[in-house]
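Asker: Here's a structure for you.
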Amino acid sequence: MKNPSGLLNALDEPIFELSLEGKVIAATAAAQALAGRATTTVRDAVDEWKFATIVAVRDRARFEQAFKRLVDAKTISHRMEIDIVARQALANDIVPMEAKLAAVTAANGKPTSVGVGCATCRSKKQTKQPPTCKARICSIWWKTSPMRAWWKVLMAASRC
């Protein structure tokens with residue numbers, strides 16, 4: 001491969017390289033933008049910040065456990081769904097992502113770093129389509145309908 005950093009940036013995917021302590025030592029431009037640290041090349045100064053700081057608090061323990069298993073050479077890769085706190089344009093949005101963690105190993109088989117590739121998660125909650133015009137009209141009609149009040153009375157009476 002002639003230019004691996006150029007190839008990684010051309011793919012426009014968030015890819016991080018973490019030290020065995022969990023600090024980011026390299027990141028693609030898409031990864032740096034996701035984390036709110038915009039620079040121009042893969043090996044630009046990334047300040048060696050902890051990757052776990054952009055993982056949502058509710059997923060942080062699971063991420064750190066999977067990361068530790070990779071560092072301890074108990075597994076060579078792990079795939080998981082985590083929420084990332086995307087700091088693009090200071091929005092701080094929670095983005096569900098699928099992360100693949102993989103150990104970068106030396107010739108002796110021991111991990112030297114960990115690669116983390118993230119992709120937008122296609123979970124059920126994200127694939128929900130917005131309601132159609134007909135569904136919106138029916139919803140508005142039901143909310144303003146006097147029949148709704150009668151329905152609530154009937155349902156309450158049936159519980160007795």
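Residue numbering restarts at 1 for every chain of the structure tokens, chains are lettered A, B, ... in their displayed order, and ligands are numbered from 1 as they appear.
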Report the closest atom pair, with its distance in Å rounded to one decimal, for each residue of range 4-86 of chain A that has an atom no farther than 10 Å from range 90-109 of chain A; count only C-alpha atoms, sort by chain and then rising residue number, and write it as CSV.
Answerer:
```
residue,atom,partner,partner_atom,distance
A:Pro14,CA,A:Ala99,CA,9.7
A:Ile15,CA,A:Ala99,CA,9.5
A:Phe16,CA,A:Leu101,CA,9.5
A:Glu17,CA,A:Val104,CA,9.0
A:Leu18,CA,A:Ala103,CA,9.5
A:Ser19,CA,A:Val104,CA,9.9
A:Leu20,CA,A:Ala103,CA,9.5
A:Leu34,CA,A:Asn92,CA,9.7
A:Ala35,CA,A:Asn92,CA,9.3
A:Gly36,CA,A:Leu90,CA,7.2
A:Ile54,CA,A:Ile94,CA,9.5
A:Val55,CA,A:Ile94,CA,9.1
A:Ala56,CA,A:Ile94,CA,7.4
A:Phe63,CA,A:Ala99,CA,9.4
A:Ala66,CA,A:Leu101,CA,8.2
A:Phe67,CA,A:Leu101,CA,7.5
A:Arg69,CA,A:Ala103,CA,9.8
A:Leu70,CA,A:Ala103,CA,6.0
A:Val71,CA,A:Ala103,CA,7.3
A:Asp72,CA,A:Ala103,CA,9.9
A:Ala73,CA,A:Ala103,CA,8.0
A:Thr75,CA,A:Ala103,CA,8.2
A:Ile76,CA,A:Ala103,CA,5.3
A:Ser77,CA,A:Ala102,CA,4.2
A:His78,CA,A:Leu101,CA,5.1
A:Arg79,CA,A:Lys100,CA,4.4
A:Met80,CA,A:Ala99,CA,5.4
A:Glu81,CA,A:Glu98,CA,4.4
A:Ile82,CA,A:Met97,CA,5.5
A:Asp83,CA,A:Pro96,CA,4.4
A:Ile84,CA,A:Val95,CA,5.2
A:Val85,CA,A:Ile94,CA,4.7
A:Ala86,CA,A:Asn92,CA,5.2
```
Asker: Output C-alpha atoms for every residue in that selection, as an mmCIF file, in the first residue's frame.
Answerer:
```cif
data_model
loop_
_atom_site.group_PDB
_atom_site.id
_atom_site.type_symbol
_atom_site.label_atom_id
_atom_site.label_comp_id
_atom_site.auth_asym_id
_atom_site.auth_seq_id
_atom_site.Cartn_x
_atom_site.Cartn_y
_atom_site.Cartn_z
ATOM 1 C CA PRO A 14 -14.193 7.208 11.622
ATOM 2 C CA ILE A 15 -11.186 5.005 12.400
ATOM 3 C CA PHE A 16 -9.101 5.425 15.549
ATOM 4 C CA GLU A 17 -5.834 3.823 16.684
ATOM 5 C CA LEU A 18 -5.585 3.562 20.461
ATOM 6 C CA SER A 19 -2.569 2.938 22.632
ATOM 7 C CA LEU A 20 -2.746 0.095 25.148
ATOM 8 C CA LEU A 34 -16.729 13.098 15.006
ATOM 9 C CA ALA A 35 -14.751 13.775 18.170
ATOM 10 C CA GLY A 36 -14.682 17.527 17.528
ATOM 11 C CA ILE A 54 -16.551 10.212 23.611
ATOM 12 C CA VAL A 55 -18.336 6.969 24.506
ATOM 13 C CA ALA A 56 -21.682 7.652 26.187
ATOM 14 C CA PHE A 63 -16.418 -0.546 26.029
ATOM 15 C CA ALA A 66 -14.018 -5.169 25.702
ATOM 16 C CA PHE A 67 -10.925 -2.979 25.303
ATOM 17 C CA ARG A 69 -9.920 -8.118 26.806
ATOM 18 C CA LEU A 70 -8.113 -7.026 23.634
ATOM 19 C CA VAL A 71 -5.170 -5.528 25.540
ATOM 20 C CA ASP A 72 -4.862 -8.696 27.631
ATOM 21 C CA ALA A 73 -4.818 -10.753 24.386
ATOM 22 C CA THR A 75 -9.502 -11.966 22.049
ATOM 23 C CA ILE A 76 -8.269 -10.399 18.817
ATOM 24 C CA SER A 77 -11.436 -8.535 17.809
ATOM 25 C CA HIS A 78 -14.779 -7.502 19.212
ATOM 26 C CA ARG A 79 -17.882 -5.972 17.655
ATOM 27 C CA MET A 80 -20.360 -3.962 19.719
ATOM 28 C CA GLU A 81 -23.013 -1.286 19.503
ATOM 29 C CA ILE A 82 -22.181 1.831 21.491
ATOM 30 C CA ASP A 83 -23.449 5.371 21.666
ATOM 31 C CA ILE A 84 -20.890 8.010 20.752
ATOM 32 C CA VAL A 85 -21.124 11.614 21.916
ATOM 33 C CA ALA A 86 -20.514 13.304 18.575
#
```
Asker: Do you have the CA of Val116 in chain A-CA of Val57 in chain A distance handy?
Answerer: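 Computed distance, CA of Val116 in chain A to CA of Val57 in chain A, equals 17.9 Å.
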Asker: As an exercise, work out the distance from CA of Arg58 in chain A to CA of Ala29 in chain A in Å and give it to one decimal place.
Answerer: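 So the two atoms, CA of Arg58 in chain A and CA of Ala29 in chain A, lie 26.2 Å apart.
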Asker: Between CA of Asp12 in chain A and CA of Arg62 in chain A, what is the distance, to one decimal in Å?
Answerer: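 Answer for the CA of Asp12 in chain A to CA of Arg62 in chain A separation: 26.2 Å.
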Asker: Any chance you could list, as a PyMOL selection string, the residues in range 18-124 of chain A that come up strand (DSSP E) when DSSP is run on the backbone?
Answerer: chain A and resi 18+24-27+77-86+93-105+111-120
Asker: For Gly22 in chain A, find every residue with an atom within 9 Å (counting only C-alpha atoms), except residues of its own chain fewer than 4 positions away, and show them as a ChimeraX atom specification.
Answerer: /A:18,48-52,64,67,113-114
